[in-house]
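The file query04.tsv contains TSV, C-alpha atoms and all ligand atoms:
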```tsv
chain	number	residue	atom	x	y	z
A	110	MET	CA	-23.94	-6.77	-8.87
A	111	LEU	CA	-23.71	-9.27	-6.02
A	112	ASN	CA	-26.03	-8.72	-3.10
A	113	GLU	CA	-23.91	-8.39	0.06
A	114	LYS	CA	-26.61	-9.72	2.35
A	115	GLU	CA	-27.02	-12.84	0.23
A	116	VAL	CA	-23.26	-13.38	0.06
A	117	LEU	CA	-22.81	-13.03	3.82
A	118	HIS	CA	-25.83	-15.15	4.70
A	119	ALA	CA	-24.63	-17.95	2.42
A	120	ILE	CA	-21.31	-17.93	4.29
A	121	VAL	CA	-23.04	-18.11	7.67
A	122	LYS	CA	-25.21	-21.03	6.56
A	123	ARG	CA	-22.16	-23.00	5.42
A	124	VAL	CA	-20.39	-22.27	8.70
A	125	LEU	CA	-23.38	-23.30	10.81
A	126	LYS	CA	-23.56	-26.64	9.01
A	127	HIS	CA	-19.91	-27.30	9.82
A	128	LEU	CA	-20.44	-26.18	13.40
A	129	ASP	CA	-23.24	-28.72	13.83
A	130	ALA	CA	-21.26	-31.50	12.21
A	131	GLY	CA	-17.89	-30.62	13.79
A	132	THR	CA	-16.33	-30.39	10.32
A	133	THR	CA	-14.51	-27.85	8.13
A	134	ASP	CA	-13.96	-27.34	4.39
A	135	SER	CA	-11.27	-29.85	3.51
A	136	ALA	CA	-8.99	-31.14	0.81
A	137	GLU	CA	-9.29	-34.78	-0.19
A	138	ALA	CA	-6.14	-35.86	1.56
A	139	PRO	CA	-3.10	-34.47	3.37
A	140	TYR	CA	-0.42	-33.19	1.02
A	141	ARG	CA	3.33	-33.46	1.35
A	142	HIS	CA	4.99	-30.24	0.32
A	143	PRO	CA	8.72	-30.32	-0.39
A	144	THR	CA	10.70	-28.00	1.83
A	145	TRP	CA	13.25	-27.16	-0.86
A	146	THR	CA	10.63	-24.82	-2.31
A	147	TYR	CA	11.40	-22.53	0.62
A	148	THR	CA	15.18	-22.80	0.37
A	149	ASP	CA	16.23	-23.35	-3.25
A	150	PRO	CA	17.94	-20.28	-4.80
A	151	ALA	CA	17.25	-21.40	-8.40
A	152	LEU	CA	13.51	-21.74	-7.76
A	153	PHE	CA	13.57	-18.39	-5.96
A	154	GLU	CA	15.04	-16.74	-9.07
A	155	GLN	CA	12.37	-18.34	-11.25
A	156	GLU	CA	9.66	-17.07	-8.92
A	157	ARG	CA	10.96	-13.50	-9.15
A	158	LEU	CA	11.07	-13.69	-12.93
A	159	LYS	CA	7.92	-15.61	-13.71
A	160	ILE	CA	5.54	-15.25	-10.79
A	161	PHE	CA	6.16	-11.58	-9.99
A	162	LYS	CA	7.25	-9.99	-13.27
A	163	GLU	CA	4.64	-11.76	-15.39
A	164	ASN	CA	1.59	-11.02	-13.24
A	165	PRO	CA	-0.12	-7.71	-12.48
A	166	GLN	CA	0.65	-6.38	-9.03
A	167	LEU	CA	-1.88	-4.84	-6.67
A	168	VAL	CA	0.17	-1.85	-5.46
A	169	GLY	CA	-2.43	0.24	-3.67
A	170	PHE	CA	-5.91	1.71	-3.60
A	171	SER	CA	-7.58	4.76	-5.13
A	172	PRO	CA	-7.38	6.71	-1.85
A	173	ASP	CA	-3.57	6.47	-2.09
A	174	LEU	CA	-3.88	8.88	-5.05
A	175	PRO	CA	-6.65	11.16	-3.77
A	176	GLN	CA	-6.29	14.13	-6.16
A	177	PRO	CA	-4.89	15.20	-9.53
A	178	GLY	CA	-1.13	15.41	-9.04
A	179	SER	CA	-1.05	12.85	-6.21
A	180	PHE	CA	1.77	10.37	-6.63
A	181	PHE	CA	3.46	7.44	-4.90
A	182	THR	CA	6.46	5.30	-5.75
A	183	PHE	CA	6.75	1.52	-5.74
A	184	ASP	CA	10.16	-0.18	-5.58
A	185	ASP	CA	9.46	-3.57	-4.07
A	186	LEU	CA	10.21	-5.70	-7.11
A	187	GLY	CA	13.38	-4.13	-8.50
A	188	VAL	CA	11.63	-1.97	-11.10
A	189	PRO	CA	11.29	1.67	-9.95
A	190	VAL	CA	7.67	2.69	-10.53
A	191	LEU	CA	6.00	6.10	-10.20
A	192	LEU	CA	2.20	6.26	-10.02
A	193	VAL	CA	0.53	9.60	-10.68
A	194	ARG	CA	-3.07	10.72	-10.99
A	195	ASP	CA	-3.35	13.19	-13.87
A	196	ASN	CA	-5.63	16.20	-14.24
A	197	GLU	CA	-8.34	14.09	-15.88
A	198	GLY	CA	-8.34	11.79	-12.85
A	199	LYS	CA	-6.66	8.90	-14.65
A	200	VAL	CA	-3.89	6.92	-12.95
A	201	ASN	CA	-0.63	6.65	-14.93
A	202	ALA	CA	2.31	4.41	-14.11
A	203	PHE	CA	5.82	5.26	-15.30
A	204	LEU	CA	9.28	3.95	-14.88
A	205	ASN	CA	10.52	6.28	-12.14
A	206	ALA	CA	13.48	7.28	-14.31
A	207	CYS	CA	14.07	10.47	-16.24
A	208	SER	CA	14.35	10.11	-20.00
A	209	HIS	CA	17.50	12.28	-20.03
A	210	ARG	CA	19.91	10.16	-17.97
A	211	GLY	CA	17.75	8.06	-15.71
A	212	ALA	CA	17.50	9.98	-12.42
A	213	ARG	CA	14.63	9.12	-10.10
A	214	LEU	CA	11.90	11.68	-10.49
A	215	LYS	CA	10.10	11.27	-7.18
A	216	GLU	CA	10.52	9.65	-3.78
A	217	GLY	CA	7.79	8.39	-1.45
A	218	CYS	CA	4.41	10.00	-1.90
A	219	GLY	CA	3.02	13.51	-2.25
A	220	LYS	CA	1.44	15.92	-4.69
A	221	ALA	CA	2.93	17.78	-7.65
A	222	ALA	CA	1.53	19.96	-10.43
A	223	ALA	CA	4.13	18.54	-12.84
A	224	LEU	CA	7.18	16.25	-12.69
A	225	SER	CA	10.50	18.02	-12.61
A	226	CYS	CA	13.71	16.00	-12.59
A	227	PRO	CA	16.01	16.87	-9.67
A	228	TYR	CA	19.18	16.22	-11.75
A	229	HIS	CA	18.96	18.68	-14.69
A	230	ALA	CA	15.39	19.96	-14.33
A	231	TRP	CA	13.75	18.43	-17.37
A	232	GLY	CA	10.01	18.89	-16.95
A	233	PHE	CA	7.25	16.35	-17.64
A	234	ASP	CA	3.50	16.68	-17.34
A	235	LEU	CA	1.35	14.29	-15.31
A	236	LYS	CA	0.86	12.10	-18.38
A	237	GLY	CA	4.62	11.63	-18.70
A	238	LYS	CA	5.05	13.91	-21.71
A	239	LEU	CA	8.34	15.84	-21.89
A	240	ARG	CA	7.43	19.52	-21.80
A	241	THR	CA	10.64	21.43	-21.11
A	242	ILE	CA	14.39	20.90	-21.47
A	243	TYR	CA	16.43	23.05	-19.11
A	244	LYS	CA	18.71	25.46	-21.05
A	245	GLU	CA	17.51	23.87	-24.26
A	246	GLU	CA	19.51	26.21	-26.49
A	247	SER	CA	22.82	24.89	-25.12
A	248	PHE	CA	21.66	21.24	-24.80
A	249	GLY	CA	20.95	21.08	-28.50
A	250	CYS	CA	18.01	20.12	-30.59
A	251	VAL	CA	16.32	16.75	-29.86
A	252	ASP	CA	12.87	15.53	-30.78
A	253	LYS	CA	10.94	15.81	-27.53
A	254	ALA	CA	8.44	13.19	-28.71
A	255	TYR	CA	11.11	10.50	-28.17
A	256	TYR	CA	11.73	11.56	-24.56
A	257	ASN	CA	8.42	10.93	-22.84
A	258	LEU	CA	8.55	8.79	-19.69
A	259	VAL	CA	8.33	5.02	-20.15
A	260	LYS	CA	4.75	3.96	-19.45
A	261	LEU	CA	3.89	0.81	-17.56
A	262	PRO	CA	0.49	-0.87	-17.88
A	263	VAL	CA	-1.86	0.18	-15.08
A	264	GLU	CA	-5.56	-0.13	-14.29
A	265	GLU	CA	-7.73	1.28	-11.53
A	266	LYS	CA	-11.01	-0.47	-10.79
A	267	TYR	CA	-13.13	-1.15	-7.69
A	268	GLY	CA	-10.81	1.24	-5.85
A	269	MET	CA	-7.81	-1.02	-6.53
A	270	ILE	CA	-4.70	-0.09	-8.53
A	271	PHE	CA	-2.83	-2.84	-10.39
A	272	VAL	CA	0.44	-2.33	-12.28
A	273	GLY	CA	2.41	-4.53	-14.69
A	274	LEU	CA	6.19	-4.34	-14.39
A	275	ASP	CA	6.85	-5.04	-18.05
A	276	PRO	CA	5.93	-2.19	-20.43
A	277	ASP	CA	4.66	-4.78	-22.94
A	278	MET	CA	2.41	-6.62	-20.50
A	279	LYS	CA	-1.29	-6.45	-21.29
A	280	PHE	CA	-3.77	-7.18	-18.53
A	281	SER	CA	-7.17	-6.28	-17.21
A	282	ILE	CA	-8.20	-6.43	-13.59
A	283	ASP	CA	-11.35	-8.33	-14.48
A	284	ASP	CA	-9.40	-10.97	-16.42
A	285	HIS	CA	-6.85	-11.28	-13.65
A	286	LEU	CA	-9.37	-11.59	-10.82
A	287	GLY	CA	-11.97	-13.57	-12.76
A	288	ASP	CA	-14.93	-14.51	-10.56
A	289	LEU	CA	-13.30	-12.85	-7.53
A	290	ALA	CA	-13.87	-9.42	-9.13
A	291	PRO	CA	-17.62	-9.17	-8.38
A	292	TYR	CA	-16.91	-9.36	-4.64
A	293	PHE	CA	-14.56	-6.39	-4.85
A	294	ALA	CA	-17.07	-4.57	-7.08
A	295	MET	CA	-19.64	-5.11	-4.34
A	296	TRP	CA	-17.43	-3.50	-1.69
A	297	ASP	CA	-15.54	-0.94	-3.81
A	298	PHE	CA	-12.45	0.27	-1.99
A	299	SER	CA	-12.33	3.79	-3.40
A	300	SER	CA	-13.30	5.72	-0.31
A	301	MET	CA	-11.21	4.18	2.47
A	302	GLU	CA	-8.72	6.08	4.64
A	303	LEU	CA	-5.25	4.88	5.56
A	304	VAL	CA	-4.91	4.25	9.30
A	305	ASN	CA	-1.26	3.24	9.52
A	306	THR	CA	1.43	1.15	7.93
A	307	HIS	CA	4.20	-1.20	9.05
A	308	GLU	CA	7.01	-3.11	7.34
A	309	TRP	CA	8.71	-6.34	8.28
A	310	ARG	CA	12.01	-7.46	6.77
A	311	LEU	CA	12.55	-10.97	8.03
A	312	GLN	CA	14.68	-14.05	7.48
A	313	THR	CA	11.71	-15.95	6.10
A	314	ASN	CA	10.96	-17.08	2.56
A	315	TRP	CA	8.10	-15.00	1.13
A	316	LYS	CA	5.87	-18.06	0.66
A	317	LEU	CA	6.45	-19.25	4.20
A	318	ALA	CA	5.32	-15.86	5.51
A	319	LEU	CA	2.19	-16.11	3.32
A	320	ASP	CA	1.34	-19.54	4.72
A	321	THR	CA	0.30	-18.06	8.03
A	322	PHE	CA	-2.60	-16.18	6.39
A	323	CYS	CA	-4.08	-19.31	4.84
A	324	GLU	CA	-5.29	-21.57	7.65
A	325	GLY	CA	-7.06	-21.37	10.99
A	326	TYR	CA	-5.66	-24.66	12.30
A	327	HIS	CA	-3.11	-22.61	14.27
A	328	PHE	CA	-5.55	-20.16	15.88
A	329	GLY	CA	-6.17	-22.17	19.07
A	330	PRO	CA	-2.56	-23.03	19.89
A	331	LEU	CA	-0.54	-20.08	18.50
A	332	HIS	CA	-3.08	-17.32	19.09
A	333	LYS	CA	-4.57	-18.59	22.34
A	334	ASP	CA	-4.23	-15.19	24.03
A	335	SER	CA	-5.20	-13.01	21.04
A	336	VAL	CA	-7.28	-14.07	18.03
A	337	GLY	CA	-7.93	-17.41	19.73
A	338	ASP	CA	-10.05	-15.55	22.25
A	339	TYR	CA	-12.81	-14.94	19.75
A	340	ALA	CA	-12.13	-17.12	16.69
A	341	ILE	CA	-13.37	-20.69	16.43
A	342	GLY	CA	-10.17	-22.01	14.86
A	343	ASN	CA	-9.91	-25.15	12.73
A	344	LEU	CA	-13.26	-24.39	11.08
A	345	SER	CA	-13.03	-22.44	7.88
A	346	LEU	CA	-14.63	-22.11	4.47
A	347	PHE	CA	-12.37	-22.31	1.45
A	348	ASP	CA	-13.25	-20.97	-2.01
A	349	ARG	CA	-11.09	-20.62	-5.10
A	350	PHE	CA	-11.39	-18.00	-7.80
A	351	GLY	CA	-10.00	-16.73	-11.06
A	352	PRO	CA	-8.07	-18.23	-13.94
A	353	GLY	CA	-6.41	-21.46	-12.83
A	354	GLN	CA	-8.21	-21.08	-9.47
A	355	ARG	CA	-5.11	-19.27	-8.24
A	356	HIS	CA	-6.82	-16.79	-5.92
A	357	HIS	CA	-8.68	-17.91	-2.86
A	358	ARG	CA	-10.79	-16.75	0.04
A	359	VAL	CA	-10.91	-18.26	3.50
A	360	ALA	CA	-13.73	-17.42	5.92
A	361	PHE	CA	-12.73	-17.78	9.58
A	362	PRO	CA	-15.77	-17.72	11.90
A	363	ASN	CA	-15.84	-16.17	15.36
A	364	THR	CA	-17.41	-18.08	18.25
A	365	SER	CA	-20.18	-15.43	18.26
A	366	ILE	CA	-21.55	-16.95	15.05
A	367	GLY	CA	-23.21	-19.61	17.23
A	368	THR	CA	-25.68	-16.97	18.43
A	369	LEU	CA	-27.26	-17.00	14.95
A	370	LYS	CA	-28.02	-20.70	15.14
A	371	ASP	CA	-31.27	-20.43	17.02
A	372	LEU	CA	-32.51	-17.29	15.32
A	373	PRO	CA	-34.66	-17.24	12.19
A	374	GLU	CA	-32.63	-15.86	9.30
A	375	ASP	CA	-34.72	-12.71	9.01
A	376	GLN	CA	-33.61	-11.76	12.53
A	377	TRP	CA	-29.89	-12.07	11.84
A	378	THR	CA	-28.11	-8.75	12.38
A	379	ASP	CA	-24.47	-7.63	12.05
A	380	VAL	CA	-23.81	-10.83	10.15
A	381	PHE	CA	-20.39	-9.64	8.97
A	382	SER	CA	-19.19	-9.24	12.55
A	383	HIS	CA	-19.24	-13.02	13.04
A	384	PHE	CA	-16.38	-14.01	10.71
A	385	GLN	CA	-13.18	-12.78	9.06
A	386	LEU	CA	-12.84	-12.93	5.29
A	387	VAL	CA	-9.23	-13.31	4.17
A	388	HIS	CA	-8.55	-13.08	0.43
A	389	PHE	CA	-5.41	-14.27	-1.28
A	390	ILE	CA	-4.75	-12.48	-4.57
A	391	TYR	CA	-2.13	-14.36	-6.57
A	392	PRO	CA	0.75	-14.11	-6.20
A	393	ASN	CA	1.45	-12.16	-3.01
A	394	ILE	CA	-1.46	-10.32	-1.44
A	395	SER	CA	-3.40	-11.21	1.68
A	396	MET	CA	-6.36	-8.96	2.23
A	397	LEU	CA	-8.75	-9.22	5.14
A	398	VAL	CA	-11.99	-7.37	4.47
A	399	SER	CA	-14.29	-6.58	7.38
A	400	PRO	CA	-17.14	-4.07	7.75
A	401	THR	CA	-14.78	-1.57	9.39
A	402	ALA	CA	-11.35	-2.10	7.86
A	403	VAL	CA	-9.20	-3.66	5.17
A	404	GLU	CA	-5.96	-5.27	6.37
A	405	PHE	CA	-3.76	-5.21	3.28
A	406	PHE	CA	-0.57	-7.31	3.35
A	407	GLN	CA	1.88	-7.21	0.41
A	408	LEU	CA	4.63	-9.83	0.53
A	409	TYR	CA	7.78	-9.65	-1.58
A	410	PRO	CA	10.87	-11.77	-2.04
A	411	GLY	CA	13.94	-10.37	-0.29
A	412	ALA	CA	17.52	-10.36	-1.56
A	413	THR	CA	17.96	-14.07	-0.81
A	414	VAL	CA	15.67	-17.09	-0.81
A	415	ASP	CA	15.36	-17.03	2.97
A	416	SER	CA	14.41	-13.37	3.30
A	417	HIS	CA	11.31	-11.37	2.50
A	418	MET	CA	9.50	-8.10	3.13
A	419	THR	CA	5.89	-7.66	4.20
A	420	ARG	CA	4.18	-4.30	4.08
A	421	TYR	CA	1.00	-4.05	6.13
A	422	ARG	CA	-1.36	-1.18	5.39
A	423	CYS	CA	-4.53	-0.83	7.44
A	424	TYR	CA	-7.38	1.12	5.80
A	425	TRP	CA	-10.57	2.24	7.52
A	426	ARG	CA	-13.70	1.73	5.49
A	427	SER	CA	-15.57	4.62	7.08
A	428	ASP	CA	-14.68	8.18	7.97
A	429	LEU	CA	-11.68	8.05	10.35
A	430	SER	CA	-12.95	11.02	12.31
A	431	ARG	CA	-16.23	9.28	12.99
A	432	PRO	CA	-16.25	7.02	16.04
A	433	ASP	CA	-17.22	3.59	14.72
A	434	GLN	CA	-18.94	1.47	17.33
A	435	GLY	CA	-16.32	2.41	19.85
A	436	ARG	CA	-13.45	0.97	17.75
A	437	ASP	CA	-10.28	2.98	17.76
A	438	PRO	CA	-8.56	2.64	14.37
A	439	GLN	CA	-5.02	2.99	15.78
A	440	ALA	CA	-5.70	0.43	18.52
A	441	HIS	CA	-7.12	-1.90	15.89
A	442	PHE	CA	-3.98	-1.47	13.74
A	443	GLU	CA	-1.72	-2.09	16.76
A	444	PHE	CA	-3.62	-5.24	17.70
A	445	ILE	CA	-3.24	-6.77	14.23
A	446	ARG	CA	0.41	-5.69	13.95
A	447	GLU	CA	1.25	-7.24	17.32
A	448	VAL	CA	-0.48	-10.53	16.53
A	449	VAL	CA	1.40	-10.88	13.24
A	450	ASP	CA	4.69	-9.69	14.74
A	451	LYS	CA	4.75	-11.61	18.01
A	452	GLU	CA	2.88	-14.72	16.95
A	453	ASP	CA	2.62	-15.45	13.19
A	454	TYR	CA	5.95	-14.02	12.05
A	455	TRP	CA	7.77	-15.23	15.15
A	456	VAL	CA	6.81	-18.78	14.22
A	457	SER	CA	7.52	-18.24	10.47
A	458	ALA	CA	11.09	-17.16	11.28
A	459	ASN	CA	11.74	-20.18	13.44
A	460	VAL	CA	10.25	-22.53	10.81
A	461	GLN	CA	12.62	-21.04	8.22
A	462	LYS	CA	15.58	-21.90	10.45
A	463	SER	CA	14.55	-25.53	10.57
A	464	LEU	CA	13.89	-25.66	6.80
A	465	SER	CA	17.20	-23.99	5.99
A	466	ALA	CA	19.00	-26.64	8.05
A	467	ASN	CA	17.93	-28.90	5.20
A	468	VAL	CA	17.22	-31.99	7.24
A	469	LYS	CA	13.52	-32.36	6.64
A	470	PRO	CA	12.39	-33.17	3.09
A	471	PHE	CA	8.76	-32.14	3.37
A	472	SER	CA	6.13	-30.31	5.37
A	473	THR	CA	2.63	-31.73	5.42
A	474	PHE	CA	-0.51	-29.69	4.80
A	475	GLY	CA	-3.54	-31.32	6.41
A	476	ARG	CA	-6.93	-31.87	4.80
A	477	ASN	CA	-8.03	-28.97	7.00
A	478	GLU	CA	-5.49	-26.66	5.29
A	479	PRO	CA	-6.81	-26.74	1.71
A	480	ALA	CA	-5.80	-23.15	0.87
A	481	LEU	CA	-2.13	-24.00	1.45
A	482	ILE	CA	-2.31	-26.94	-0.92
A	483	ASN	CA	-4.04	-24.88	-3.60
A	484	MET	CA	-1.72	-21.90	-3.27
A	485	HIS	CA	1.52	-23.86	-3.40
A	486	GLN	CA	0.36	-25.90	-6.37
A	487	ALA	CA	-0.41	-22.61	-8.14
A	488	PHE	CA	3.12	-21.35	-7.38
A	489	LEU	CA	4.62	-24.51	-8.88
A	490	ARG	CA	2.49	-24.09	-11.99
A	491	GLY	CA	3.57	-20.44	-12.03
A	492	VAL	CA	7.18	-21.47	-12.66
A	493	GLY	CA	6.17	-24.01	-15.27
A	494	MET	CA	5.88	-27.21	-13.23
A	495	THR	CA	2.84	-29.37	-12.82
A	496	PRO	CA	1.94	-30.57	-9.35
A	497	GLU	CA	2.65	-34.08	-10.62
A	498	GLN	CA	6.18	-33.13	-11.65
A	499	ALA	CA	6.77	-31.39	-8.43
A	500	PRO	CA	9.21	-32.23	-6.47
A	501	LEU	CA	8.77	-34.85	-3.86
A	502	GLU	CA	11.02	-37.18	-5.92
A	503	LYS	CA	13.65	-34.49	-5.90
A	504	VAL	CA	13.98	-34.80	-2.16
A	505	GLY	CA	13.69	-38.56	-2.21
A	506	ALA	CA	10.47	-38.81	-0.24
B	1	LIG	S1	18.58	12.98	-15.59
B	1	LIG	FE1	16.75	14.06	-15.51
B	1	LIG	S2	17.18	15.97	-16.34
B	1	LIG	FE2	19.04	14.92	-16.42
B	2	FE	FE	-2.19	-16.38	12.54
```

Let me see the file written as structure tokens.
Amino acid sequence: MLNEKEVLHAIVKRVLKHLDAGTTDSAEAPYRHPTWTYTDPALFEQERLKIFKENPQLVGFSPDLPQPGSFFTFDDLGVPVLLVRDNEGKVNAFLNACSHRGARLKEGCGKAAALSCPYHAWGFDLKGKLRTIYKEESFGCVDKAYYNLVKLPVEEKYGMIFVGLDPDMKFSIDDHLGDLAPYFAMWDFSSMELVNTHEWRLQTNWKLALDTFCEGYHFGPLHKDSVGDYAIGNLSLFDRFGPGQRHHRVAFPNTSIGTLKDLPEDQWTDVFSHFQLVHFIYPNISMLVSPTAVEFFQLYPGATVDSHMTRYRCYWRSDLSRPDQGRDPQAHFEFIREVVDKEDYWVSANVQKSLSANVKPFSTFGRNEPALINMHQAFLRGVGMTPEQAPLEKVGA
């Protein structure tokens, strides 16, 4: 098990070195990224098929299914999914479709002792087994064993729930996360409480919306009246994890981290209050972990290449009813929501307009934006291209 103090102190030491030198973690060189990747409908279709359907999806956390019988539905990727915790405490994932004639079994979230179809009242247990056929004598004799709900692969670990959208997919959370997993094991997200949730449906490609979570170069200018008040900006640590180095973590220090510079390490306190740790879990999750909260952002392709949906769920890592150093969970949620809404996503939407006008062949990611370079190269590999094949020639640059 990783030692949290050692992990956090190592981060601070790396930041302080950069602070002294006026540097930041960097890529070798700036990178030209072709803008058609944000506007091309054929690539968009490939992404939906290969990047989303072929990778496990982080759909929620253990506290979203607090008790036996708790359920929630997931419909963000075109496959209707029903997640249920059974009486043994195990999480099951089913196609949210009745085995009789396909009606949706549940909507939203809630608690149920069993699953009864609203259409003709067939009854299933929490493991998806068909138990009762309404008016069975007139329906006729069928072998119930062939009418269980369709199971989807699912795993719950470290308080996280991942689902595969193809019944034949095999995955494990540890294999998927690779060397990122020990960090989540160290924190374990099984006892958080949901503060609030918000959804955006915007005219922005899903990858463009993700970009805003990957660099601190914009903190000073774009967030001058919000995050820019306390974050250093343009100084970040970048680390890659997992198979193909597809996941990443960016540490964004606050100006307060400077107070640790002149203190001996054994006098450092509240170390985790001096930076923000933003994790990208391939292909579509941005997750900011702090001592008090987890800001969980799920991003999904919309109906067209230039549209997407983000769901933001804010979880509190301690008891919501307990005042935590004077921080009000709802005010915290509102602050983050407003920053993303009025600043990050405002700019993403106006960037999409300029990209969709199709006059500019490439955007450029600076050396100081290494996470963007890494993430977009992973997306290209995800649809079967190599970074070398990719695409600058296609736009004639
Ligand atoms: S569709 Fe479910 S019982 Fe008929
Ligand atoms: Fe931002």

All residues within 8 Å of ligand FE 2 (chain B) are required, counting all atoms listed in the file; please report them as a ChimeraX atom specification. /A:321-322,324-325,327-328,331-332,336,448-449,452-453

Using only C-alpha atoms and all ligand atoms, find each protein or nucleic acid residue lying at most 9 Å from ligand LIG 1 (chain B); present the set as a list of chain:residue names. A:Ala206, A:Cys207, A:Ser208, A:His209, A:Arg210, A:Gly211, A:Ala212, A:Arg213, A:Leu214, A:Ser225, A:Cys226, A:Pro227, A:Tyr228, A:His229, A:Ala230, A:Trp231, A:Gly232, A:Ile242, A:Tyr243

What are the closest atom pairs, with distances in Å to one decimal, for all residues of region 291-384 of chain A lying within 8 Å of region 171-187 of chain A? Consider all atoms listed in the file, order rows by chain and residue number, and present the result as JSON lines.
```
{"residue": "A:Phe298", "atom": "CA", "partner": "A:Ser171", "partner_atom": "CA", "distance": 7.3}
{"residue": "A:Ser299", "atom": "CA", "partner": "A:Ser171", "partner_atom": "CA", "distance": 5.1}
{"residue": "A:Ser300", "atom": "CA", "partner": "A:Pro172", "partner_atom": "CA", "distance": 6.2}
{"residue": "A:Met301", "atom": "CA", "partner": "A:Pro172", "partner_atom": "CA", "distance": 6.3}
{"residue": "A:Glu302", "atom": "CA", "partner": "A:Pro172", "partner_atom": "CA", "distance": 6.7}
{"residue": "A:Leu303", "atom": "CA", "partner": "A:Pro172", "partner_atom": "CA", "distance": 7.9}
```

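Nearest residue to Ile282 (chain A) among A:Ser395, A:Ile390, A:Met110, A:Lys238 is A:Ile390, counting all atoms listed in the file.
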
Please work out which residues fall within 12 Å of (9.2, 12.0, -27.9), coordinates as given in the file, with all atoms listed in the file counting, and return them as JSON, numbers by chain. {"A": [208, 209, 233, 237, 238, 239, 240, 241, 251, 252, 253, 254, 255, 256, 257, 258, 259]}

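Coordinates place CA of Ala294 (chain A) at a distance of 22.9 Å from CA of Val193 (chain A).
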
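These residues, each with an atom at most 7 Å from (-20.7, -20.2, 11.4) using only C-alpha atoms, are Val121, Lys122, Arg123, Val124, Leu125, Leu128, Pro362, Ile366 and Gly367 of chain A.
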
Can you pull out every residue within 12 Å of Trp296 (chain A), counting all atoms listed in the file, but drop anything in the same chain fewer than 5 positions away, and send it as a short mmCIF file (atom, residue, chain, number, x, y, z; two decimals) with C-alpha atoms, in the coordinates of the input?
```
data_model
loop_
_atom_site.label_atom_id
_atom_site.label_comp_id
_atom_site.auth_asym_id
_atom_site.auth_seq_id
_atom_site.Cartn_x
_atom_site.Cartn_y
_atom_site.Cartn_z
CA MET A 110 -23.94 -6.77 -8.87
CA LEU A 111 -23.71 -9.27 -6.02
CA ASN A 112 -26.03 -8.72 -3.10
CA GLU A 113 -23.91 -8.39 0.06
CA LYS A 114 -26.61 -9.72 2.35
CA VAL A 116 -23.26 -13.38 0.06
CA LYS A 266 -11.01 -0.47 -10.79
CA TYR A 267 -13.13 -1.15 -7.69
CA GLY A 268 -10.81 1.24 -5.85
CA MET A 269 -7.81 -1.02 -6.53
CA LEU A 289 -13.30 -12.85 -7.53
CA ALA A 290 -13.87 -9.42 -9.13
CA PRO A 291 -17.62 -9.17 -8.38
CA MET A 301 -11.21 4.18 2.47
CA VAL A 398 -11.99 -7.37 4.47
CA SER A 399 -14.29 -6.58 7.38
CA PRO A 400 -17.14 -4.07 7.75
CA THR A 401 -14.78 -1.57 9.39
CA ALA A 402 -11.35 -2.10 7.86
CA VAL A 403 -9.20 -3.66 5.17
CA ARG A 426 -13.70 1.73 5.49
#
```

Mind running region 181-240 of chain A against region 273-281 of chain A at 9 Å and telling me each contacting residue's nearest atom pair with the distance in Å (one decimal), counting all atoms listed in the file, chain and number ascending, as a Markdown table?
```
| residue | atom | partner | partner_atom | distance |
| --- | --- | --- | --- | --- |
| A:Leu186 | CA | A:Leu274 | CA | 8.4 |
| A:Val188 | CA | A:Leu274 | CA | 6.8 |
| A:Val190 | CA | A:Leu274 | CA | 8.2 |
| A:Ala202 | CA | A:Gly273 | CA | 9.0 |
| A:Leu204 | CA | A:Leu274 | CA | 8.9 |
```

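Excluding Gly287 (chain A) itself and any same-chain residue fewer than 5 positions from it, the protein and nucleic acid residues within 12 Å of it, counting all atoms listed in the file, are Phe280, Ser281, Ile282, Tyr292, Phe293, Ala294, Arg349, Phe350, Gly351, Pro352, Gly353, Gln354, Arg355, His356, His357, Ile390 and Tyr391 of chain A.
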
For the atom pair CA of Trp377 (chain A) and CA of Ala480 (chain A), what is the interatomic distance in Å to one decimal place? 28.7 Å

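Of the listed residues A:Asn305, A:Ser416, A:Thr364, A:Asn459, the one whose atoms come nearest to Gly342 (chain A) is A:Thr364, with distances taken using only C-alpha atoms.
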